[in-house]
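Engineer: This structure is in structure tokens; I'll ask about it shortly.
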Amino acid sequence: MMQGMQTNRNELLIRDVELLFRPFRHRKLSLVSRIVMAPMSRYFSPDGIPGAEMARYYRRRAERQVGLIITESATVDEASASADSCMPQFHGGAALRAWKQICRLVHATDCKIAPQLCHVGMARPRSGDIPHPGAPPIGPSGIDPLSLEKTGEAMSREKITEVCDAFASAARDAVRLGFDAVEIQGAHGFLIDQFFWKETNKRTDIYGGDLVGRTRFACEVVQSVRKAVGSSFPIIFRFSQWKIGHYGARLVNSPGELAEFLRPLCEAGVDVFDCSVRRHGEPAFTGNPLSLAGWTRLLSGKPVISVGSVGLSKPLSAEQPAIEAAPTVGLEQLLRQMSAGEFDLISVGRALLADAAWAEKIRYGREEEIIPFSERSVSRLY
Ligand SMILES: Cc1cc2nc3c(=O)[nH]c(=O)nc-3n(C[C@H](O)[C@H](O)[C@H](O)COP(=O)(O)O)c2cc1C
């Protein structure tokens, strides 16, 4: 009797887990599973060029039930775009040849791949091992996103156009190299997010002011990318309330404000929103259990990706850095949200970093074999 009950429960769980492995179909993007590898900067690309080991690292996840890989942040071609000379770049012959090889290896499986295109803005250090050491950090108002002090100059209109062109050029290369989509990094306190956030955007021209004014730069980036890639190529846009060093920060405080924020981005040409939160189950606003991804899907009508602490037992606390060891646990809440249609896709970061076969082990009931996340998961590239 007890054994029978156990079997039923296991069968139920196995059937529910299949929710994560249903194909995703959108007119611009079809995926074999709902699991996305979250973008994770690894700093294993000397001189901005991802090596052969990087290609094998992505391939290991691609061949084990991941539907879409969103690569680590890769910088666009503007002198101040990077924070570290081991951060990959998405421009220049050698780097683009390396990205082509990554794309080719991933495409030998059923998995799709999108580069995350990024400009770090004022998050660029002033010294250290950075490309173009003479180039100062740039941002909407020259405000450092960590200290919130003015340490640089505001971007000119010409610089804004130059950065938009750099995103467009990288996206054009992504199409040419055979990538399946691009993701624009608009989250976590980097350049585009510095325009969104009122603490780092004090401009009084058309790129500042109210929430809609502060989305203008992002919209121009998206429009430039759209023009470069054509109407049928998917553009994914990542945004977050939280910023590195300011985990409690908020761009919007209500569903109404979120709708106001999303509308211009939709009009500019975003196809999929990647809603970055630190715990996928956390409610976006008080008084309603719906997550940021859930609200974004409801208000924009676009497919959404959620993320945050999947497969980790100890969800991150408000002020805890992302790199933190935590063992794995069950997925009940995630499956409930998935079956309620709260989001279309789920990104998995640290759990997939620790164990390239994480998705496969989840699917086939081999949870006890999962390698838990630890410091080692970050320090080596496997
Ligand atoms: C080592 C590491 C590097 C990261 N780098 C990026 C990045 O380049 N771009 C980005 O948008 N998010 C980045 N993130 C955030 C992840 O994409 C993800 O949102 C976060 O880790 C939460 O997901 P998880 O709980 O499944 O790890 C990074 C996270 C980690 C742990």
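Labels used: A, B, ... for chains in the order of the structure tokens, numbers from 1 for residues in each chain, and numbers from 1 for ligands as shown.
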Residues at most 8 Å from Arg64 (chain A), counting only C-alpha atoms, excluding those fewer than 6 positions away in the same chain, as a ChimeraX atom specification?
Structural biologist: /A:356-360
Engineer: If you run DSSP on this backbone, which residues of region 35-269 of chain A come out as strand (DSSP E or B), and could you give them as a PyMOL selection string?
Structural biologist: chain A and resi 35-37+68-75+89+112-118+139+143+150+154+182-188+235-243+246
Engineer: Generate a file of the selected residues that holds C-alpha atoms, formatted as a JSON list (two decimals), in the first residue's frame.
Structural biologist:
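This is the output file result_7.json:
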```json
[["chain", "number", "residue", "atom", "x", "y", "z"],
["A", 35, "ILE", "CA", 14.89, 25.25, -19.94],
["A", 36, "VAL", "CA", 17.16, 28.16, -20.78],
["A", 37, "MET", "CA", 20.75, 28.43, -19.67],
["A", 68, "LEU", "CA", 18.17, 27.69, -25.34],
["A", 69, "ILE", "CA", 21.55, 28.96, -24.25],
["A", 70, "ILE", "CA", 21.83, 32.66, -23.59],
["A", 71, "THR", "CA", 25.56, 33.28, -23.54],
["A", 72, "GLU", "CA", 27.42, 35.32, -20.99],
["A", 73, "SER", "CA", 27.50, 39.05, -21.62],
["A", 74, "ALA", "CA", 29.53, 39.85, -24.73],
["A", 75, "THR", "CA", 30.48, 43.47, -25.33],
["A", 89, "GLN", "CA", 33.61, 40.76, -27.03],
["A", 112, "LYS", "CA", 19.39, 27.05, -29.81],
["A", 113, "ILE", "CA", 21.74, 29.85, -28.83],
["A", 114, "ALA", "CA", 21.58, 33.64, -28.43],
["A", 115, "PRO", "CA", 24.44, 35.96, -27.47],
["A", 116, "GLN", "CA", 23.75, 38.43, -24.69],
["A", 117, "LEU", "CA", 24.91, 41.80, -26.02],
["A", 118, "CYS", "CA", 26.14, 44.22, -23.40],
["A", 139, "GLY", "CA", 26.72, 56.57, -18.74],
["A", 143, "ILE", "CA", 27.00, 58.36, -12.03],
["A", 150, "LYS", "CA", 29.14, 61.37, -10.05],
["A", 154, "ALA", "CA", 27.06, 62.25, -19.27],
["A", 182, "VAL", "CA", 19.96, 38.04, -29.58],
["A", 183, "GLU", "CA", 19.43, 39.08, -26.00],
["A", 184, "ILE", "CA", 19.97, 42.74, -25.10],
["A", 185, "GLN", "CA", 21.35, 43.18, -21.58],
["A", 186, "GLY", "CA", 19.07, 45.80, -20.03],
["A", 187, "ALA", "CA", 19.40, 44.52, -16.45],
["A", 188, "HIS", "CA", 21.50, 44.51, -13.26],
["A", 235, "ILE", "CA", 14.98, 39.99, -29.95],
["A", 236, "ILE", "CA", 14.99, 39.04, -26.28],
["A", 237, "PHE", "CA", 15.26, 41.87, -23.77],
["A", 238, "ARG", "CA", 16.49, 41.32, -20.19],
["A", 239, "PHE", "CA", 15.51, 43.72, -17.43],
["A", 240, "SER", "CA", 15.50, 43.65, -13.65],
["A", 241, "GLN", "CA", 14.38, 45.68, -10.68],
["A", 242, "TRP", "CA", 17.57, 44.85, -8.73],
["A", 243, "LYS", "CA", 21.04, 46.16, -9.50],
["A", 246, "HIS", "CA", 21.48, 47.51, -4.75]]
```
Engineer: Env of Gln101 (chain A): 10 Å cut, atoms = only C-alpha atoms, seq-sep filter 3 positions within chain, self excluded. Answer as a list of chain:residue names.
Structural biologist: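 Final neighbour list, sorted by chain and number: A:Pro50, A:Gly51, A:Ala52, A:Met54, A:Ala55, A:Arg56, A:Ala95, A:Leu96, A:Arg97, A:Ala98, A:Arg104, A:Leu105, A:Val106, A:His107, A:Leu177.
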Engineer: Output C-alpha atoms for every residue in that selection, as a PDB file, in the first residue's frame.
Structural biologist:
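Written out: out.pdb:
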```
ATOM      1  CA  PRO A  50      36.337  32.960 -26.205  1.00  0.00           C
ATOM      2  CA  GLY A  51      38.582  29.883 -26.425  1.00  0.00           C
ATOM      3  CA  ALA A  52      37.833  26.347 -27.571  1.00  0.00           C
ATOM      4  CA  MET A  54      34.245  27.841 -23.932  1.00  0.00           C
ATOM      5  CA  ALA A  55      32.626  26.159 -26.949  1.00  0.00           C
ATOM      6  CA  ARG A  56      32.810  22.763 -25.250  1.00  0.00           C
ATOM      7  CA  ALA A  95      36.263  36.929 -31.491  1.00  0.00           C
ATOM      8  CA  LEU A  96      33.570  36.481 -34.130  1.00  0.00           C
ATOM      9  CA  ARG A  97      35.320  33.386 -35.515  1.00  0.00           C
ATOM     10  CA  ALA A  98      35.315  31.952 -31.968  1.00  0.00           C
ATOM     11  CA  ARG A 104      28.349  25.526 -34.707  1.00  0.00           C
ATOM     12  CA  LEU A 105      29.045  23.190 -31.761  1.00  0.00           C
ATOM     13  CA  VAL A 106      25.745  24.042 -30.071  1.00  0.00           C
ATOM     14  CA  HIS A 107      23.862  23.590 -33.344  1.00  0.00           C
ATOM     15  CA  LEU A 177      27.086  33.777 -37.760  1.00  0.00           C
TER      16      LEU A 177
END
```
Engineer: For region 215-229 of chain A, work out the shell of residues within 7 Å, counting only C-alpha atoms and skipping chain neighbours fewer than 3 positions away, then give it as a PyMOL selection string.
Structural biologist: chain A and resi 164-165+167-168+171-172+175+192+195-196+207+211-212+233+261+264-265+268-270
Engineer: Could those selected residues go to a file with N, CA and C atoms, as a PDB file, in the first residue's frame?
Structural biologist:
```
ATOM      1  N   CYS A 164      24.163  52.834 -29.982  1.00  0.00           N
ATOM      2  CA  CYS A 164      23.051  52.154 -30.673  1.00  0.00           C
ATOM      3  C   CYS A 164      23.575  51.432 -31.907  1.00  0.00           C
ATOM      4  N   ASP A 165      24.447  52.107 -32.657  1.00  0.00           N
ATOM      5  CA  ASP A 165      25.020  51.494 -33.871  1.00  0.00           C
ATOM      6  C   ASP A 165      25.856  50.265 -33.511  1.00  0.00           C
ATOM      7  N   PHE A 167      25.385  48.211 -30.953  1.00  0.00           N
ATOM      8  CA  PHE A 167      24.463  47.095 -30.677  1.00  0.00           C
ATOM      9  C   PHE A 167      23.934  46.521 -32.000  1.00  0.00           C
ATOM     10  N   ALA A 168      23.583  47.429 -32.926  1.00  0.00           N
ATOM     11  CA  ALA A 168      23.034  46.985 -34.217  1.00  0.00           C
ATOM     12  C   ALA A 168      24.055  46.142 -34.974  1.00  0.00           C
ATOM     13  N   ALA A 171      24.386  42.719 -33.456  1.00  0.00           N
ATOM     14  CA  ALA A 171      23.210  41.893 -33.753  1.00  0.00           C
ATOM     15  C   ALA A 171      23.249  41.393 -35.202  1.00  0.00           C
ATOM     16  N   ARG A 172      23.700  42.272 -36.109  1.00  0.00           N
ATOM     17  CA  ARG A 172      23.833  41.880 -37.525  1.00  0.00           C
ATOM     18  C   ARG A 172      24.822  40.718 -37.633  1.00  0.00           C
ATOM     19  N   VAL A 175      23.274  37.400 -36.571  1.00  0.00           N
ATOM     20  CA  VAL A 175      22.476  36.783 -37.645  1.00  0.00           C
ATOM     21  C   VAL A 175      23.412  36.102 -38.642  1.00  0.00           C
ATOM     22  N   ILE A 192      22.274  50.104 -20.115  1.00  0.00           N
ATOM     23  CA  ILE A 192      20.860  50.373 -20.449  1.00  0.00           C
ATOM     24  C   ILE A 192      20.047  50.565 -19.166  1.00  0.00           C
ATOM     25  N   PHE A 195      20.226  53.900 -17.607  1.00  0.00           N
ATOM     26  CA  PHE A 195      19.257  54.870 -18.148  1.00  0.00           C
ATOM     27  C   PHE A 195      17.881  54.670 -17.498  1.00  0.00           C
ATOM     28  N   PHE A 196      17.508  53.409 -17.236  1.00  0.00           N
ATOM     29  CA  PHE A 196      16.179  53.137 -16.648  1.00  0.00           C
ATOM     30  C   PHE A 196      16.041  53.694 -15.229  1.00  0.00           C
ATOM     31  N   TYR A 207      16.201  61.747 -22.924  1.00  0.00           N
ATOM     32  CA  TYR A 207      16.626  60.428 -22.432  1.00  0.00           C
ATOM     33  C   TYR A 207      16.467  60.299 -20.910  1.00  0.00           C
ATOM     34  N   LEU A 211       9.499  57.819 -16.250  1.00  0.00           N
ATOM     35  CA  LEU A 211       9.813  56.420 -16.574  1.00  0.00           C
ATOM     36  C   LEU A 211       9.909  56.204 -18.088  1.00  0.00           C
ATOM     37  N   VAL A 212       8.968  56.787 -18.830  1.00  0.00           N
ATOM     38  CA  VAL A 212       8.966  56.589 -20.288  1.00  0.00           C
ATOM     39  C   VAL A 212      10.191  57.263 -20.921  1.00  0.00           C
ATOM     40  N   PHE A 233      13.645  38.035 -36.989  1.00  0.00           N
ATOM     41  CA  PHE A 233      14.674  37.532 -36.066  1.00  0.00           C
ATOM     42  C   PHE A 233      14.302  37.910 -34.627  1.00  0.00           C
ATOM     43  N   PHE A 261       6.260  50.971 -18.487  1.00  0.00           N
ATOM     44  CA  PHE A 261       7.660  50.654 -18.816  1.00  0.00           C
ATOM     45  C   PHE A 261       7.742  49.720 -20.034  1.00  0.00           C
ATOM     46  N   PRO A 264       6.595  51.010 -24.431  1.00  0.00           N
ATOM     47  CA  PRO A 264       7.521  51.496 -25.467  1.00  0.00           C
ATOM     48  C   PRO A 264       8.510  50.435 -25.943  1.00  0.00           C
ATOM     49  N   LEU A 265       8.885  49.538 -25.043  1.00  0.00           N
ATOM     50  CA  LEU A 265       9.837  48.485 -25.437  1.00  0.00           C
ATOM     51  C   LEU A 265       9.177  47.515 -26.423  1.00  0.00           C
ATOM     52  N   ALA A 268       9.007  49.181 -29.700  1.00  0.00           N
ATOM     53  CA  ALA A 268      10.328  49.273 -30.339  1.00  0.00           C
ATOM     54  C   ALA A 268      10.717  47.961 -31.020  1.00  0.00           C
ATOM     55  N   GLY A 269      10.112  46.836 -30.593  1.00  0.00           N
ATOM     56  CA  GLY A 269      10.396  45.583 -31.315  1.00  0.00           C
ATOM     57  C   GLY A 269      10.854  44.403 -30.477  1.00  0.00           C
ATOM     58  N   VAL A 270      10.688  44.468 -29.147  1.00  0.00           N
ATOM     59  CA  VAL A 270      11.063  43.310 -28.320  1.00  0.00           C
ATOM     60  C   VAL A 270      10.078  42.160 -28.571  1.00  0.00           C
TER      61      VAL A 270
END
```
Engineer: At most 8 Å is the cut-off: for each residue in chain A with any atom that close to an atom of ligand 1, write down the nearest atom pair and the distance in Å rounded to one decimal, counting only C-alpha atoms and all ligand atoms, chain first then increasing number, as JSON lines.
Structural biologist:
```
{"residue": "A:Ala38", "atom": "CA", "partner": "ligand 1", "partner_atom_place_in_ligand_line": "17 (O)", "distance": 4.3}
{"residue": "A:Pro39", "atom": "CA", "partner": "ligand 1", "partner_atom_place_in_ligand_line": "17 (O)", "distance": 4.3}
{"residue": "A:Met40", "atom": "CA", "partner": "ligand 1", "partner_atom_place_in_ligand_line": "5 (N)", "distance": 3.2}
{"residue": "A:Ser41", "atom": "CA", "partner": "ligand 1", "partner_atom_place_in_ligand_line": "5 (N)", "distance": 3.8}
{"residue": "A:Arg42", "atom": "CA", "partner": "ligand 1", "partner_atom_place_in_ligand_line": "1 (C)", "distance": 6.2}
{"residue": "A:Thr71", "atom": "CA", "partner": "ligand 1", "partner_atom_place_in_ligand_line": "8 (O)", "distance": 7.6}
{"residue": "A:Glu72", "atom": "CA", "partner": "ligand 1", "partner_atom_place_in_ligand_line": "8 (O)", "distance": 4.3}
{"residue": "A:Ser73", "atom": "CA", "partner": "ligand 1", "partner_atom_place_in_ligand_line": "8 (O)", "distance": 4.1}
{"residue": "A:Ala74", "atom": "CA", "partner": "ligand 1", "partner_atom_place_in_ligand_line": "8 (O)", "distance": 7.7}
{"residue": "A:Gln116", "atom": "CA", "partner": "ligand 1", "partner_atom_place_in_ligand_line": "9 (N)", "distance": 7.1}
{"residue": "A:Gln185", "atom": "CA", "partner": "ligand 1", "partner_atom_place_in_ligand_line": "11 (O)", "distance": 6.0}
{"residue": "A:Gly186", "atom": "CA", "partner": "ligand 1", "partner_atom_place_in_ligand_line": "11 (O)", "distance": 7.9}
{"residue": "A:Ala187", "atom": "CA", "partner": "ligand 1", "partner_atom_place_in_ligand_line": "11 (O)", "distance": 6.3}
{"residue": "A:His188", "atom": "CA", "partner": "ligand 1", "partner_atom_place_in_ligand_line": "11 (O)", "distance": 6.9}
{"residue": "A:Arg238", "atom": "CA", "partner": "ligand 1", "partner_atom_place_in_ligand_line": "11 (O)", "distance": 6.9}
{"residue": "A:Ser276", "atom": "CA", "partner": "ligand 1", "partner_atom_place_in_ligand_line": "19 (O)", "distance": 5.5}
{"residue": "A:Val277", "atom": "CA", "partner": "ligand 1", "partner_atom_place_in_ligand_line": "19 (O)", "distance": 6.7}
{"residue": "A:Arg278", "atom": "CA", "partner": "ligand 1", "partner_atom_place_in_ligand_line": "22 (C)", "distance": 5.3}
{"residue": "A:Arg279", "atom": "CA", "partner": "ligand 1", "partner_atom_place_in_ligand_line": "25 (O)", "distance": 6.8}
{"residue": "A:Val307", "atom": "CA", "partner": "ligand 1", "partner_atom_place_in_ligand_line": "23 (O)", "distance": 5.4}
{"residue": "A:Gly308", "atom": "CA", "partner": "ligand 1", "partner_atom_place_in_ligand_line": "25 (O)", "distance": 3.8}
{"residue": "A:Ser309", "atom": "CA", "partner": "ligand 1", "partner_atom_place_in_ligand_line": "25 (O)", "distance": 3.2}
{"residue": "A:Val310", "atom": "CA", "partner": "ligand 1", "partner_atom_place_in_ligand_line": "26 (O)", "distance": 5.1}
{"residue": "A:Gly311", "atom": "CA", "partner": "ligand 1", "partner_atom_place_in_ligand_line": "26 (O)", "distance": 7.3}
{"residue": "A:Leu312", "atom": "CA", "partner": "ligand 1", "partner_atom_place_in_ligand_line": "25 (O)", "distance": 7.1}
{"residue": "A:Pro315", "atom": "CA", "partner": "ligand 1", "partner_atom_place_in_ligand_line": "25 (O)", "distance": 7.8}
{"residue": "A:Leu316", "atom": "CA", "partner": "ligand 1", "partner_atom_place_in_ligand_line": "25 (O)", "distance": 7.8}
{"residue": "A:Ala322", "atom": "CA", "partner": "ligand 1", "partner_atom_place_in_ligand_line": "31 (C)", "distance": 5.2}
{"residue": "A:Ile323", "atom": "CA", "partner": "ligand 1", "partner_atom_place_in_ligand_line": "31 (C)", "distance": 5.1}
{"residue": "A:Ser347", "atom": "CA", "partner": "ligand 1", "partner_atom_place_in_ligand_line": "26 (O)", "distance": 6.5}
{"residue": "A:Val348", "atom": "CA", "partner": "ligand 1", "partner_atom_place_in_ligand_line": "26 (O)", "distance": 4.0}
{"residue": "A:Gly349", "atom": "CA", "partner": "ligand 1", "partner_atom_place_in_ligand_line": "26 (O)", "distance": 3.4}
{"residue": "A:Arg350", "atom": "CA", "partner": "ligand 1", "partner_atom_place_in_ligand_line": "27 (O)", "distance": 3.8}
{"residue": "A:Ala351", "atom": "CA", "partner": "ligand 1", "partner_atom_place_in_ligand_line": "26 (O)", "distance": 6.1}
{"residue": "A:Leu352", "atom": "CA", "partner": "ligand 1", "partner_atom_place_in_ligand_line": "26 (O)", "distance": 7.7}
{"residue": "A:Val378", "atom": "CA", "partner": "ligand 1", "partner_atom_place_in_ligand_line": "1 (C)", "distance": 5.9}
```
Engineer: Which residues are close to Arg363 (chain A), i.e. within 12 Å by only C-alpha atoms, leaving aside same-chain residues fewer than 4 positions away? Reply as a list in words.
Structural biologist: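 Everything that qualifies: Leu13, Ile14, Arg15, Asp16, Val17, Glu18, Leu19, Leu20, Phe21, Arg22, Ser33, Arg34, Ile35, Arg64, Gln65, Val66, Leu331, Ala357, Trp358, Ala359, Glu367 and Ile370 of chain A.
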Engineer: Would you list, as a ChimeraX atom specification, the residues of region 228-376 of chain A that end up in helix (DSSP H, G or I) under DSSP run on this structure's backbone?
Structural biologist: /A:228-229,255-268,292-300,332-339,350-354,358-363,367-369,375-376
Engineer: For each of A:Ser379, A:Thr109, A:Asn288, A:Ser127, take the minimum atom-to-atom distance to Glu63 (chain A), counting only C-alpha atoms, then give the residue where this is smallest.
Structural biologist: A:Thr109
Engineer: Using only C-alpha atoms, pick whichever of A:Ser254, A:Gln333, A:Thr204, A:Ser231 has the shortest atom-to-atom distance to Trp295 (chain A).
Structural biologist: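 Nearest to Trp295 (chain A): A:Ser254.
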Engineer: Please measure the separation of CA of Ala83 (chain A) and CA of Ala123 (chain A), giving the value in Å to one decimal.
Structural biologist: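 CA of Ala83 (chain A) sits 7.0 Å away from CA of Ala123 (chain A).
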Engineer: Closest to Ile138 (chain A) among A:Arg124, A:Arg27, A:Arg263, A:Arg214, using only C-alpha atoms?
Structural biologist: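 Checking each of A:Arg124, A:Arg27, A:Arg263, A:Arg214 against Ile138 (chain A), counting only C-alpha atoms, the winner is A:Arg124.
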Engineer: Within 9 Å of Asp129 (chain A), counting only C-alpha atoms, which residues show up once you throw out same-chain ones fewer than 6 positions away? Write them as an mmCIF file with N, CA and C atoms, in the first residue's frame, please.
Structural biologist:
```cif
data_model
loop_
_atom_site.group_PDB
_atom_site.id
_atom_site.type_symbol
_atom_site.label_atom_id
_atom_site.label_comp_id
_atom_site.auth_asym_id
_atom_site.auth_seq_id
_atom_site.Cartn_x
_atom_site.Cartn_y
_atom_site.Cartn_z
ATOM 1 N N ALA A 83 34.247 45.569 -19.000
ATOM 2 C CA ALA A 83 34.710 45.761 -17.622
ATOM 3 C C ALA A 83 35.989 44.972 -17.341
ATOM 4 N N ASP A 84 36.412 44.144 -18.307
ATOM 5 C CA ASP A 84 37.550 43.266 -18.013
ATOM 6 C C ASP A 84 38.078 42.701 -19.338
ATOM 7 N N SER A 85 39.375 42.578 -19.460
ATOM 8 C CA SER A 85 39.888 42.098 -20.753
ATOM 9 C C SER A 85 39.636 40.601 -20.960
ATOM 10 N N CYS A 86 39.155 39.902 -19.948
ATOM 11 C CA CYS A 86 38.768 38.491 -20.149
ATOM 12 C C CYS A 86 37.261 38.328 -20.362
#
```
Engineer: Would you please work out which residue, of A:Gly281, A:Phe44, A:Arg366, A:Gly67, is nearest to Pro88 (chain A) when using only C-alpha atoms?
Structural biologist: A:Phe44
Engineer: So the first atom is CA of Gly301 (chain A) and the second is CA of Leu251 (chain A); what is the distance between them in Å, to one decimal place?
Structural biologist: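 Taking CA of Gly301 (chain A) and CA of Leu251 (chain A), their separation equals 20.1 Å.
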Engineer: Have a look at CA of Arg60 (chain A) and CA of Glu368 (chain A) and let me know their distance in Å, one decimal.
Structural biologist: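 CA of Glu368 (chain A) lies at a distance of 19.8 Å from CA of Arg60 (chain A).
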Engineer: Considering only C-alpha atoms, can you say which of A:Val272, A:Val120, A:Met338, A:Ala170 comes closest to Lys28 (chain A)?
Structural biologist: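 Checking each of A:Val272, A:Val120, A:Met338, A:Ala170 against Lys28 (chain A), counting only C-alpha atoms, the winner is A:Val272.
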